[in-house]
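Beneath this line is the structure, given in structure tokens, with notes to follow.
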Amino acid sequence: MRHGNRVDAAPAEDALENPTEEEIIYLWRSLKSGGLSEDEAWHAVVTGMALDMAFARSKSVRRVEQ
């Protein structure tokens, strides 16, 4: 490991990391109006949230060069 690098935690609070119920419903409705069925839109929302949670650790740590 190079001595000029260190690992810093990114800000834990990100507006997109903690969506409100209203934001989720808005996204679902938006997907429905784009041509997806109710079930397809819901699966898209849930899949997106699951992927965000699965990769949340990789977003919370970043490399900083000094």
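Convention: chains lettered A, B, ... in structure tokens order; per-chain residue numbering from 1; ligands numbered from 1 as shown.
Counting only C-alpha atoms, Met49 (chain A) has the following residues at most 10 Å away, ignoring those fewer than 3 positions along the same chain: A:Glu17, A:Asn18, A:Pro19, A:Ile24, A:His43, A:Ala44, A:Val45, A:Val46, A:Asp52, A:Met53, A:Ala54.
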For this session: Tell me, as a PyMOL selection string, which residues lie within 12 Å of Leu31 (chain A), counting only C-alpha atoms; anything in the same chain fewer than 3 positions away does not count.
Result: chain A and resi 24-28+34-45
Residues of region 25-57 of chain A in helix (DSSP H, G or I) according to DSSP, as an mmCIF file with N, CA and C atoms, in the first residue's frame?
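Just written: result.cif:
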data_model
loop_
_atom_site.group_PDB
_atom_site.id
_atom_site.type_symbol
_atom_site.label_atom_id
_atom_site.label_comp_id
_atom_site.auth_asym_id
_atom_site.auth_seq_id
_atom_site.Cartn_x
_atom_site.Cartn_y
_atom_site.Cartn_z
ATOM 1 N N ILE A 25 -43.247 5.919 -4.124
ATOM 2 C CA ILE A 25 -44.508 5.885 -4.866
ATOM 3 C C ILE A 25 -44.415 6.738 -6.122
ATOM 4 N N TYR A 26 -43.755 7.885 -6.039
ATOM 5 C CA TYR A 26 -43.569 8.745 -7.205
ATOM 6 C C TYR A 26 -42.782 8.012 -8.291
ATOM 7 N N LEU A 27 -41.721 7.324 -7.894
ATOM 8 C CA LEU A 27 -40.921 6.561 -8.852
ATOM 9 C C LEU A 27 -41.749 5.454 -9.481
ATOM 10 N N TRP A 28 -42.517 4.741 -8.667
ATOM 11 C CA TRP A 28 -43.376 3.665 -9.159
ATOM 12 C C TRP A 28 -44.371 4.200 -10.186
ATOM 13 N N ARG A 29 -45.017 5.305 -9.860
ATOM 14 C CA ARG A 29 -45.982 5.908 -10.796
ATOM 15 C C ARG A 29 -45.294 6.375 -12.073
ATOM 16 N N SER A 30 -44.104 6.926 -11.930
ATOM 17 C CA SER A 30 -43.349 7.382 -13.093
ATOM 18 C C SER A 30 -43.022 6.218 -14.019
ATOM 19 N N LEU A 31 -42.609 5.100 -13.443
ATOM 20 C CA LEU A 31 -42.309 3.918 -14.245
ATOM 21 C C LEU A 31 -43.569 3.381 -14.920
ATOM 22 N N LYS A 32 -44.693 3.414 -14.208
ATOM 23 C CA LYS A 32 -45.964 2.968 -14.793
ATOM 24 C C LYS A 32 -46.351 3.856 -15.975
ATOM 25 N N SER A 33 -46.187 5.159 -15.825
ATOM 26 C CA SER A 33 -46.560 6.071 -16.903
ATOM 27 C C SER A 33 -45.615 5.936 -18.098
ATOM 28 N N GLU A 38 -48.097 -2.409 -13.526
ATOM 29 C CA GLU A 38 -47.933 -2.160 -12.092
ATOM 30 C C GLU A 38 -46.889 -3.090 -11.490
ATOM 31 N N ASP A 39 -46.978 -4.371 -11.836
ATOM 32 C CA ASP A 39 -46.027 -5.353 -11.294
ATOM 33 C C ASP A 39 -44.605 -5.096 -11.791
ATOM 34 N N GLU A 40 -44.448 -4.800 -13.066
ATOM 35 C CA GLU A 40 -43.109 -4.530 -13.610
ATOM 36 C C GLU A 40 -42.488 -3.303 -12.957
ATOM 37 N N ALA A 41 -43.310 -2.260 -12.777
ATOM 38 C CA ALA A 41 -42.811 -1.044 -12.137
ATOM 39 C C ALA A 41 -42.394 -1.326 -10.695
ATOM 40 N N TRP A 42 -43.208 -2.085 -9.973
ATOM 41 C CA TRP A 42 -42.878 -2.401 -8.579
ATOM 42 C C TRP A 42 -41.600 -3.231 -8.505
ATOM 43 N N HIS A 43 -41.459 -4.218 -9.390
ATOM 44 C CA HIS A 43 -40.241 -5.037 -9.401
ATOM 45 C C HIS A 43 -39.013 -4.192 -9.726
ATOM 46 N N ALA A 44 -39.166 -3.217 -10.607
ATOM 47 C CA ALA A 44 -38.047 -2.331 -10.934
ATOM 48 C C ALA A 44 -37.634 -1.507 -9.716
ATOM 49 N N VAL A 45 -38.609 -0.991 -8.979
ATOM 50 C CA VAL A 45 -38.316 -0.204 -7.779
ATOM 51 C C VAL A 45 -37.633 -1.069 -6.726
ATOM 52 N N VAL A 46 -38.188 -2.241 -6.463
ATOM 53 C CA VAL A 46 -37.638 -3.125 -5.434
ATOM 54 C C VAL A 46 -36.236 -3.611 -5.824
ATOM 55 N N THR A 47 -36.055 -3.939 -7.085
ATOM 56 C CA THR A 47 -34.740 -4.386 -7.554
ATOM 57 C C THR A 47 -33.709 -3.274 -7.399
ATOM 58 N N GLY A 48 -34.096 -2.065 -7.752
ATOM 59 C CA GLY A 48 -33.177 -0.936 -7.596
ATOM 60 C C GLY A 48 -32.789 -0.710 -6.152
ATOM 61 N N MET A 49 -33.749 -0.804 -5.260
ATOM 62 C CA MET A 49 -33.452 -0.624 -3.836
ATOM 63 C C MET A 49 -32.562 -1.746 -3.311
ATOM 64 N N ALA A 50 -32.820 -2.968 -3.761
ATOM 65 C CA ALA A 50 -31.999 -4.105 -3.321
ATOM 66 C C ALA A 50 -30.561 -3.947 -3.805
ATOM 67 N N LEU A 51 -30.391 -3.518 -5.038
ATOM 68 C CA LEU A 51 -29.038 -3.303 -5.564
ATOM 69 C C LEU A 51 -28.335 -2.179 -4.812
ATOM 70 N N ASP A 52 -29.051 -1.112 -4.514
ATOM 71 C CA ASP A 52 -28.458 -0.023 -3.731
ATOM 72 C C ASP A 52 -27.982 -0.517 -2.369
ATOM 73 N N MET A 53 -28.792 -1.353 -1.732
ATOM 74 C CA MET A 53 -28.407 -1.882 -0.423
ATOM 75 C C MET A 53 -27.228 -2.851 -0.543
ATOM 76 N N ALA A 54 -27.232 -3.655 -1.590
ATOM 77 C CA ALA A 54 -26.167 -4.641 -1.765
ATOM 78 C C ALA A 54 -24.811 -3.977 -1.988
ATOM 79 N N ALA A 56 -24.077 -0.753 -1.072
ATOM 80 C CA ALA A 56 -23.968 0.432 -0.223
ATOM 81 C C ALA A 56 -22.585 0.558 0.392
ATOM 82 N N ARG A 57 -21.967 -0.538 0.738
ATOM 83 C CA ARG A 57 -20.638 -0.478 1.359
ATOM 84 C C ARG A 57 -19.619 0.097 0.396
#
